[in-house]
Structures are given as structure tokens and as C-alpha cells.
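*Asks:* Here you go, upload-v6.pdb (PDB, C-alpha atoms, pLDDT in the B column):
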```
MODEL        1
ATOM      1  CA  MET A  30      -5.047   2.591   2.842  1.00 56.00           C
ATOM      2  CA  GLN A  31      -4.861   6.328   2.415  1.00 54.00           C
ATOM      3  CA  VAL A  32      -7.530   8.698   3.733  1.00 66.00           C
ATOM      4  CA  GLY A  33     -10.180  10.497   1.685  1.00 75.00           C
ATOM      5  CA  LYS A  34     -13.826  10.218   0.589  1.00 83.00           C
ATOM      6  CA  ILE A  35     -13.275   7.428  -1.923  1.00 88.00           C
ATOM      7  CA  SER A  36     -10.979   5.639   0.524  1.00 91.00           C
ATOM      8  CA  HIS A  37     -13.803   5.808   3.064  1.00 91.00           C
ATOM      9  CA  ASP A  38     -16.238   4.290   0.559  1.00 92.00           C
ATOM     10  CA  PHE A  39     -13.720   1.592  -0.371  1.00 92.00           C
ATOM     11  CA  THR A  40     -13.156   0.682   3.284  1.00 94.00           C
ATOM     12  CA  VAL A  41     -16.892   0.435   3.912  1.00 93.00           C
ATOM     13  CA  ALA A  42     -17.260  -1.806   0.844  1.00 93.00           C
ATOM     14  CA  LEU A  43     -14.473  -4.108   2.084  1.00 91.00           C
ATOM     15  CA  LYS A  44     -16.482  -4.730   5.244  1.00 90.00           C
ATOM     16  CA  THR A  45     -19.093  -6.563   3.142  1.00 92.00           C
ATOM     17  CA  PHE A  46     -16.581  -9.382   2.504  1.00 91.00           C
ATOM     18  CA  PRO A  47     -15.613 -12.053   5.039  1.00 91.00           C
ATOM     19  CA  PRO A  48     -12.981 -10.550   7.379  1.00 84.00           C
ATOM     20  CA  GLU A  49     -10.710 -13.566   6.969  1.00 86.00           C
ATOM     21  CA  ASP A  50     -10.445 -12.718   3.247  1.00 85.00           C
ATOM     22  CA  HIS A  51     -10.138  -8.906   3.301  1.00 85.00           C
ATOM     23  CA  HIS A  52      -9.274  -6.534   6.098  1.00 88.00           C
ATOM     24  CA  VAL A  53      -7.545  -3.194   6.408  1.00 94.00           C
ATOM     25  CA  VAL A  54      -4.457  -3.472   8.617  1.00 95.00           C
ATOM     26  CA  ALA A  55      -3.018   0.043   8.298  1.00 97.00           C
ATOM     27  CA  VAL A  56      -3.716   3.571   7.110  1.00 97.00           C
ATOM     28  CA  ALA A  57      -1.404   6.441   6.156  1.00 96.00           C
ATOM     29  CA  ALA A  58      -1.883  10.132   5.472  1.00 94.00           C
ATOM     30  CA  ARG A  59       0.326  13.163   5.001  1.00 92.00           C
ATOM     31  CA  LYS A  60      -0.863  14.312   8.424  1.00 94.00           C
ATOM     32  CA  LEU A  61      -0.878  11.782  11.253  1.00 96.00           C
ATOM     33  CA  GLU A  62      -4.033  13.331  12.704  1.00 96.00           C
ATOM     34  CA  ASP A  63      -5.971  12.582   9.496  1.00 94.00           C
ATOM     35  CA  ALA A  64      -4.802   8.971   9.536  1.00 96.00           C
ATOM     36  CA  GLN A  65      -5.720   8.640  13.223  1.00 97.00           C
ATOM     37  CA  GLU A  66      -9.231   9.969  12.594  1.00 96.00           C
ATOM     38  CA  PHE A  67      -9.729   7.597   9.653  1.00 95.00           C
ATOM     39  CA  ALA A  68      -8.382   4.653  11.674  1.00 96.00           C
ATOM     40  CA  LYS A  69     -10.711   5.385  14.562  1.00 97.00           C
ATOM     41  CA  LYS A  70     -13.731   5.615  12.267  1.00 95.00           C
ATOM     42  CA  HIS A  71     -12.900   2.291  10.562  1.00 95.00           C
ATOM     43  CA  SER A  72     -11.242   0.344  13.430  1.00 95.00           C
ATOM     44  CA  ILE A  73      -7.868   0.130  11.676  1.00 96.00           C
ATOM     45  CA  PRO A  74      -5.088  -1.012  14.033  1.00 97.00           C
ATOM     46  CA  LYS A  75      -1.982   0.660  12.529  1.00 98.00           C
ATOM     47  CA  VAL A  76      -1.645   4.351  11.732  1.00 98.00           C
ATOM     48  CA  TYR A  77       1.153   6.126   9.872  1.00 97.00           C
ATOM     49  CA  GLY A  78       1.874   9.806   9.333  1.00 96.00           C
ATOM     50  CA  SER A  79       3.670   9.183   6.047  1.00 96.00           C
ATOM     51  CA  TYR A  80       3.267   6.986   2.995  1.00 97.00           C
ATOM     52  CA  GLU A  81       6.887   5.866   3.328  1.00 97.00           C
ATOM     53  CA  GLU A  82       6.175   4.348   6.749  1.00 97.00           C
ATOM     54  CA  LEU A  83       3.268   2.376   5.300  1.00 98.00           C
ATOM     55  CA  ALA A  84       5.482   1.151   2.446  1.00 98.00           C
ATOM     56  CA  ARG A  85       7.900  -0.330   5.007  1.00 98.00           C
ATOM     57  CA  ASP A  86       5.179  -2.260   6.899  1.00 98.00           C
ATOM     58  CA  PRO A  87       5.757  -5.996   6.289  1.00 97.00           C
ATOM     59  CA  ASP A  88       2.142  -6.795   7.204  1.00 94.00           C
ATOM     60  CA  VAL A  89       0.771  -4.788   4.277  1.00 96.00           C
ATOM     61  CA  ASP A  90       0.216  -6.835   1.101  1.00 94.00           C
ATOM     62  CA  VAL A  91      -1.957  -4.462  -0.944  1.00 95.00           C
ATOM     63  CA  VAL A  92      -2.194  -0.675  -0.887  1.00 96.00           C
ATOM     64  CA  TYR A  93      -5.220   1.289  -2.065  1.00 95.00           C
ATOM     65  CA  ILE A  94      -4.048   4.580  -3.601  1.00 94.00           C
ATOM     66  CA  GLY A  95      -6.471   7.391  -2.861  1.00 91.00           C
ATOM     67  CA  VAL A  96      -4.284  10.475  -3.317  1.00 91.00           C
ATOM     68  CA  ILE A  97      -5.053  13.244  -5.820  1.00 91.00           C
ATOM     69  CA  HIS A  98      -4.494  12.298  -9.480  1.00 92.00           C
ATOM     70  CA  PRO A  99      -1.253  14.222 -10.086  1.00 95.00           C
ATOM     71  CA  CYS A 100       0.329  12.232  -7.222  1.00 94.00           C
ATOM     72  CA  HIS A 101      -0.659   8.776  -8.494  1.00 95.00           C
ATOM     73  CA  LEU A 102       2.625   8.119 -10.314  1.00 97.00           C
ATOM     74  CA  LYS A 103       4.892   8.978  -7.386  1.00 97.00           C
ATOM     75  CA  THR A 104       2.721   7.130  -4.875  1.00 96.00           C
ATOM     76  CA  CYS A 105       2.251   4.014  -7.010  1.00 96.00           C
ATOM     77  CA  LEU A 106       6.003   3.830  -7.596  1.00 97.00           C
ATOM     78  CA  LEU A 107       6.679   4.162  -3.870  1.00 97.00           C
ATOM     79  CA  TYR A 108       4.584   1.073  -3.164  1.00 96.00           C
ATOM     80  CA  THR A 109       5.503  -1.032  -6.178  1.00 95.00           C
ATOM     81  CA  ASN A 110       9.190  -0.431  -5.418  1.00 94.00           C
ATOM     82  CA  ALA A 111       8.425  -1.653  -1.877  1.00 96.00           C
ATOM     83  CA  LYS A 112       7.006  -4.843  -3.457  1.00 94.00           C
ATOM     84  CA  LYS A 113       3.408  -4.005  -2.525  1.00 95.00           C
ATOM     85  CA  ASN A 114       0.458  -4.786  -4.738  1.00 94.00           C
ATOM     86  CA  VAL A 115      -1.369  -1.595  -5.691  1.00 95.00           C
ATOM     87  CA  LEU A 116      -4.996  -0.770  -6.360  1.00 94.00           C
ATOM     88  CA  CYS A 117      -5.152   2.802  -7.625  1.00 94.00           C
ATOM     89  CA  GLU A 118      -8.319   4.837  -8.013  1.00 90.00           C
ATOM     90  CA  LYS A 119      -9.009   6.241 -11.460  1.00 91.00           C
ATOM     91  CA  PRO A 120      -7.482   7.720 -13.414  1.00 94.00           C
ATOM     92  CA  LEU A 121      -4.417   5.550 -12.903  1.00 94.00           C
ATOM     93  CA  ALA A 122      -2.122   8.320 -14.153  1.00 95.00           C
ATOM     94  CA  MET A 123      -2.054  11.646 -15.944  1.00 96.00           C
ATOM     95  CA  ASN A 124      -0.956  10.223 -19.319  1.00 96.00           C
ATOM     96  CA  THR A 125       0.112   7.070 -21.172  1.00 96.00           C
ATOM     97  CA  LYS A 126       3.789   7.536 -20.316  1.00 96.00           C
ATOM     98  CA  GLU A 127       2.994   7.525 -16.589  1.00 96.00           C
ATOM     99  CA  VAL A 128       0.736   4.468 -16.943  1.00 94.00           C
ATOM    100  CA  LYS A 129       3.535   2.553 -18.661  1.00 93.00           C
ATOM    101  CA  GLU A 130       5.984   3.579 -15.939  1.00 94.00           C
ATOM    102  CA  ILE A 131       3.630   2.360 -13.206  1.00 94.00           C
ATOM    103  CA  LEU A 132       2.968  -0.923 -14.977  1.00 91.00           C
ATOM    104  CA  ALA A 133       6.657  -1.508 -15.631  1.00 92.00           C
ATOM    105  CA  SER A 134       7.530  -0.881 -11.999  1.00 91.00           C
ATOM    106  CA  GLY A 135       5.192  -3.627 -10.933  1.00 76.00           C
ATOM    107  CA  SER A 136       6.604  -6.091 -13.459  1.00 64.00           C
ATOM    108  CA  MET A 137       3.274  -6.168 -15.268  1.00 54.00           C
ATOM    109  CA  ALA A 138       2.984  -7.057 -18.939  1.00 46.00           C
ATOM    110  CA  ILE A 139       2.136  -4.095 -21.140  1.00 48.00           C
ATOM    111  CA  GLU A 140       0.210  -4.847 -24.298  1.00 47.00           C
ATOM    112  CA  GLU A 141       0.238  -2.271 -27.047  1.00 48.00           C
TER     113      GLU A 141
ENDMDL
END
```
In C-alpha cells, write the structure found in this file.
*Replies:*
Amino acid sequence: MQVGKISHDFTVALKTFPPEDHHVVAVAARKLEDAQEFAKKHSIPKVYGSYEELARDPDVDVVYIGVIHPCHLKTCLLYTNAKKNVLCEKPLAMNTKEVKEILASGSMAIEE
């Protein structure tokens, strides 16, 4: 999980599901203090001051991408290359080329 307004809303929405099915185990931000504040607000046990640290966490299965749109490509690739499943807020990317690159990195089928 990455911090921000939509990430906050997403985290709140996850709490409506049974905790044994969906729970947030970690949060990352460019600034550790932002991640710590978000973690405290949402009772998230692990906090990281970089996205790379989160990508290395073996307990993380899915990452919600909540960074600004121009950073979606780089951030999605970071996590897909770390073998994480990714849920990215819209728009997925800045153009079709970037979308195809993201999809290819996750070994997803691309239909034309």
C-alpha cells in the first residue's frame, strides 16, 4: 500500500471484507514519516520509507499503486519485476505503449 487520499479510501473499503480474506500488511511512501502516519491511522504493522523495501517484503502478495500518474509505469514495473500482483489506480499509464509494457512485465495476455 502506498499513501495518499485514494489509498486511504481503498484501505477503508478493504476493512468491509472479512479480515481473513483481505488485510493490509505493509505500507510504503517516499518519506518514512508519511508511511508511519498512514500506518498508525490504519493499524498497518509494517512501514517502509521506500517502494523498493516494500517490493522485497516476502509477506506482500498484492500491491496497490497510488502514486501520481506519471510514476505508474516505473512503480508497476518495480513490483511486477518483484513478482508482486499489482492493482493500479486509474489511469493505468500515460499511453498505450506504457500499458503494454506493464502488462507484458506481469506476463499478462494482451489482446489487440
*Asks:* Might you spell out which residues the PyMOL selection byres ((chain A and resi 99) around 12) would select in the displayed file, as a PyMOL selection string?
*Replies:* chain A and resi 94-98+100-105+118-124+127
*Asks:* Considering all atoms listed in the file, state which residue in the set A:Lys112, A:His71, A:Lys44, A:Lys34 is at the smallest distance from Asp88 in chain A.
*Replies:* A:Lys112
*Asks:* From the list A:His37, A:His52, A:Arg85, A:Pro47, which residue is nearest Ala64 in chain A when using all atoms listed in the file?
*Replies:*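 Closest candidate: A:His37.
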*Asks:* Between A:Ser36, A:Val92, A:Ala84, A:Thr45, which is the closest to Phe67 in chain A once you count all atoms listed in the file?
*Replies:*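 Smallest distance to Phe67 in chain A is found for A:Ser36.
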*Asks:* Would you be able to write out as an mmCIF file with C-alpha atoms, in the frame of the given file which residues have an atom within 12 Å of (-1.5, -13.3, 2.7) in the file's coordinates, counting only C-alpha atoms?
*Replies:*
```cif
data_model
loop_
_atom_site.group_PDB
_atom_site.id
_atom_site.type_symbol
_atom_site.label_atom_id
_atom_site.label_comp_id
_atom_site.auth_asym_id
_atom_site.auth_seq_id
_atom_site.Cartn_x
_atom_site.Cartn_y
_atom_site.Cartn_z
ATOM 1 C CA GLU A 49 -10.710 -13.566 6.969
ATOM 2 C CA ASP A 50 -10.445 -12.718 3.247
ATOM 3 C CA HIS A 51 -10.138 -8.906 3.301
ATOM 4 C CA HIS A 52 -9.274 -6.534 6.098
ATOM 5 C CA VAL A 54 -4.457 -3.472 8.617
ATOM 6 C CA PRO A 87 5.757 -5.996 6.289
ATOM 7 C CA ASP A 88 2.142 -6.795 7.204
ATOM 8 C CA VAL A 89 0.771 -4.788 4.277
ATOM 9 C CA ASP A 90 0.216 -6.835 1.101
ATOM 10 C CA VAL A 91 -1.957 -4.462 -0.944
ATOM 11 C CA LYS A 113 3.408 -4.005 -2.525
ATOM 12 C CA ASN A 114 0.458 -4.786 -4.738
#
```
*Asks:* Quick one: which residues end up in the PyMOL selection byres ((chain A and resi 132) around 12) for this structure, as a ChimeraX atom specification?
*Replies:* /A:102,105-106,109-110,114-117,121-122,125-131,133-140
*Asks:* Which one is closest to Glu66 in chain A: A:Leu107, A:Glu82, A:Gly33, A:Asp38? Count all atoms listed in the file.
*Replies:*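 Under the stated criterion, the closest residue is A:Gly33.
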*Asks:* Which of these, A:Phe39, A:Tyr77, A:Tyr108, A:Tyr93, has the shortest distance to Leu61 in chain A once you count all atoms listed in the file?
*Replies:*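 Smallest separation from Leu61 in chain A among the options: A:Tyr77.
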*Asks:* Find the residues near Val56 in chain A: any atom within 9 Å, counting all atoms listed in the file, skip ones fewer than 3 places away on the same chain, and give them as a list in words.
*Replies:* Met30, Gln31, Val32, Val53, Ala64, Gln65, Phe67, Ala68, Ile73, Pro74, Lys75, Val76, Tyr77, Gly78, Tyr80 and Leu83 of chain A
*Asks:* Grab the CA of Arg59 in chain A to CA of Ser79 in chain A distance for me, in Å with one decimal place.
*Replies:* 5.3 Å
*Asks:* Could you put an axis-aligned box around every listed atom of range 84-92 of chain A, padded by 5 Å on each side, and send me its centre and edge lengths in Å to one decimal, as JSON?
*Replies:*
```
{"center_x": 2.9, "center_y": -2.8, "center_z": 3.1, "size_x": 20.1, "size_y": 18.0, "size_z": 18.1}
```
*Asks:* Keeping N, CA, C and O atoms (and nothing else), can you write range 117-139 of chain A of this structure as a PDB file, in the first residue's frame?
*Replies:*
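Result saved to selection00.pdb:
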```pdb
ATOM      1  N   CYS A 117      -3.454  -1.111  -9.789  1.00  0.00           N
ATOM      2  CA  CYS A 117      -3.040   0.273 -10.015  1.00  0.00           C
ATOM      3  C   CYS A 117      -4.261   1.156 -10.223  1.00  0.00           C
ATOM      4  O   CYS A 117      -5.145   0.822 -11.010  1.00  0.00           O
ATOM      5  N   GLU A 118      -4.271   2.295  -9.512  1.00  0.00           N
ATOM      6  CA  GLU A 118      -5.373   3.237  -9.707  1.00  0.00           C
ATOM      7  C   GLU A 118      -5.357   3.755 -11.133  1.00  0.00           C
ATOM      8  O   GLU A 118      -4.352   3.642 -11.836  1.00  0.00           O
ATOM      9  N   LYS A 119      -6.470   4.311 -11.578  1.00  0.00           N
ATOM     10  CA  LYS A 119      -6.547   4.802 -12.949  1.00  0.00           C
ATOM     11  C   LYS A 119      -5.971   6.199 -13.062  1.00  0.00           C
ATOM     12  O   LYS A 119      -5.986   6.938 -12.079  1.00  0.00           O
ATOM     13  N   PRO A 120      -5.483   6.562 -14.215  1.00  0.00           N
ATOM     14  CA  PRO A 120      -5.261   5.705 -15.371  1.00  0.00           C
ATOM     15  C   PRO A 120      -4.065   4.788 -15.122  1.00  0.00           C
ATOM     16  O   PRO A 120      -3.132   5.147 -14.403  1.00  0.00           O
ATOM     17  N   LEU A 121      -4.109   3.607 -15.711  1.00  0.00           N
ATOM     18  CA  LEU A 121      -3.028   2.647 -15.521  1.00  0.00           C
ATOM     19  C   LEU A 121      -1.690   3.232 -15.958  1.00  0.00           C
ATOM     20  O   LEU A 121      -0.672   3.033 -15.303  1.00  0.00           O
ATOM     21  N   ALA A 122      -1.690   3.956 -17.068  1.00  0.00           N
ATOM     22  CA  ALA A 122      -0.438   4.515 -17.597  1.00  0.00           C
ATOM     23  C   ALA A 122      -0.751   5.769 -18.400  1.00  0.00           C
ATOM     24  O   ALA A 122      -1.906   6.136 -18.587  1.00  0.00           O
ATOM     25  N   MET A 123       0.302   6.386 -18.906  1.00  0.00           N
ATOM     26  CA  MET A 123       0.157   7.641 -19.634  1.00  0.00           C
ATOM     27  C   MET A 123      -0.215   7.438 -21.104  1.00  0.00           C
ATOM     28  O   MET A 123      -0.713   8.349 -21.740  1.00  0.00           O
ATOM     29  N   ASN A 124       0.042   6.218 -21.642  1.00  0.00           N
ATOM     30  CA  ASN A 124      -0.270   5.949 -23.036  1.00  0.00           C
ATOM     31  C   ASN A 124      -0.315   4.435 -23.268  1.00  0.00           C
ATOM     32  O   ASN A 124       0.011   3.649 -22.378  1.00  0.00           O
ATOM     33  N   THR A 125      -0.691   4.045 -24.471  1.00  0.00           N
ATOM     34  CA  THR A 125      -0.832   2.627 -24.815  1.00  0.00           C
ATOM     35  C   THR A 125       0.490   1.875 -24.701  1.00  0.00           C
ATOM     36  O   THR A 125       0.528   0.738 -24.224  1.00  0.00           O
ATOM     37  N   LYS A 126       1.568   2.502 -25.113  1.00  0.00           N
ATOM     38  CA  LYS A 126       2.886   1.857 -25.041  1.00  0.00           C
ATOM     39  C   LYS A 126       3.210   1.473 -23.593  1.00  0.00           C
ATOM     40  O   LYS A 126       3.678   0.359 -23.324  1.00  0.00           O
ATOM     41  N   GLU A 127       2.966   2.375 -22.658  1.00  0.00           N
ATOM     42  CA  GLU A 127       3.236   2.093 -21.254  1.00  0.00           C
ATOM     43  C   GLU A 127       2.323   0.989 -20.726  1.00  0.00           C
ATOM     44  O   GLU A 127       2.771   0.121 -19.966  1.00  0.00           O
ATOM     45  N   VAL A 128       1.065   0.998 -21.125  1.00  0.00           N
ATOM     46  CA  VAL A 128       0.128  -0.051 -20.698  1.00  0.00           C
ATOM     47  C   VAL A 128       0.642  -1.409 -21.154  1.00  0.00           C
ATOM     48  O   VAL A 128       0.683  -2.375 -20.375  1.00  0.00           O
ATOM     49  N   LYS A 129       1.044  -1.502 -22.408  1.00  0.00           N
ATOM     50  CA  LYS A 129       1.561  -2.773 -22.934  1.00  0.00           C
ATOM     51  C   LYS A 129       2.813  -3.214 -22.194  1.00  0.00           C
ATOM     52  O   LYS A 129       3.003  -4.408 -21.925  1.00  0.00           O
ATOM     53  N   GLU A 130       3.665  -2.278 -21.827  1.00  0.00           N
ATOM     54  CA  GLU A 130       4.882  -2.618 -21.088  1.00  0.00           C
ATOM     55  C   GLU A 130       4.541  -3.161 -19.698  1.00  0.00           C
ATOM     56  O   GLU A 130       5.120  -4.156 -19.246  1.00  0.00           O
ATOM     57  N   ILE A 131       3.585  -2.539 -19.045  1.00  0.00           N
ATOM     58  CA  ILE A 131       3.156  -3.007 -17.718  1.00  0.00           C
ATOM     59  C   ILE A 131       2.556  -4.408 -17.826  1.00  0.00           C
ATOM     60  O   ILE A 131       2.905  -5.311 -17.066  1.00  0.00           O
ATOM     61  N   LEU A 132       1.667  -4.584 -18.773  1.00  0.00           N
ATOM     62  CA  LEU A 132       1.011  -5.883 -18.934  1.00  0.00           C
ATOM     63  C   LEU A 132       2.018  -6.970 -19.278  1.00  0.00           C
ATOM     64  O   LEU A 132       1.949  -8.082 -18.752  1.00  0.00           O
ATOM     65  N   ALA A 133       2.967  -6.669 -20.139  1.00  0.00           N
ATOM     66  CA  ALA A 133       3.975  -7.646 -20.514  1.00  0.00           C
ATOM     67  C   ALA A 133       4.867  -8.017 -19.334  1.00  0.00           C
ATOM     68  O   ALA A 133       5.271  -9.175 -19.199  1.00  0.00           O
ATOM     69  N   SER A 134       5.143  -7.070 -18.475  1.00  0.00           N
ATOM     70  CA  SER A 134       6.008  -7.353 -17.331  1.00  0.00           C
ATOM     71  C   SER A 134       5.358  -8.296 -16.339  1.00  0.00           C
ATOM     72  O   SER A 134       6.040  -9.029 -15.632  1.00  0.00           O
ATOM     73  N   GLY A 135       4.057  -8.302 -16.319  1.00  0.00           N
ATOM     74  CA  GLY A 135       3.334  -9.183 -15.421  1.00  0.00           C
ATOM     75  C   GLY A 135       2.909 -10.476 -16.067  1.00  0.00           C
ATOM     76  O   GLY A 135       2.086 -11.204 -15.532  1.00  0.00           O
ATOM     77  N   SER A 136       3.440 -10.754 -17.248  1.00  0.00           N
ATOM     78  CA  SER A 136       3.107 -11.964 -18.001  1.00  0.00           C
ATOM     79  C   SER A 136       1.618 -12.082 -18.259  1.00  0.00           C
ATOM     80  O   SER A 136       1.037 -13.160 -18.202  1.00  0.00           O
ATOM     81  N   MET A 137       0.975 -10.948 -18.528  1.00  0.00           N
ATOM     82  CA  MET A 137      -0.450 -10.937 -18.818  1.00  0.00           C
ATOM     83  C   MET A 137      -0.656 -10.995 -20.325  1.00  0.00           C
ATOM     84  O   MET A 137       0.138 -10.464 -21.090  1.00  0.00           O
ATOM     85  N   ALA A 138      -1.725 -11.618 -20.746  1.00  0.00           N
ATOM     86  CA  ALA A 138      -2.049 -11.668 -22.174  1.00  0.00           C
ATOM     87  C   ALA A 138      -2.542 -10.296 -22.605  1.00  0.00           C
ATOM     88  O   ALA A 138      -3.276  -9.630 -21.891  1.00  0.00           O
ATOM     89  N   ILE A 139      -2.092  -9.874 -23.766  1.00  0.00           N
ATOM     90  CA  ILE A 139      -2.514  -8.583 -24.320  1.00  0.00           C
ATOM     91  C   ILE A 139      -3.304  -8.873 -25.591  1.00  0.00           C
ATOM     92  O   ILE A 139      -2.787  -9.459 -26.536  1.00  0.00           O
TER      93      ILE A 139
END
```
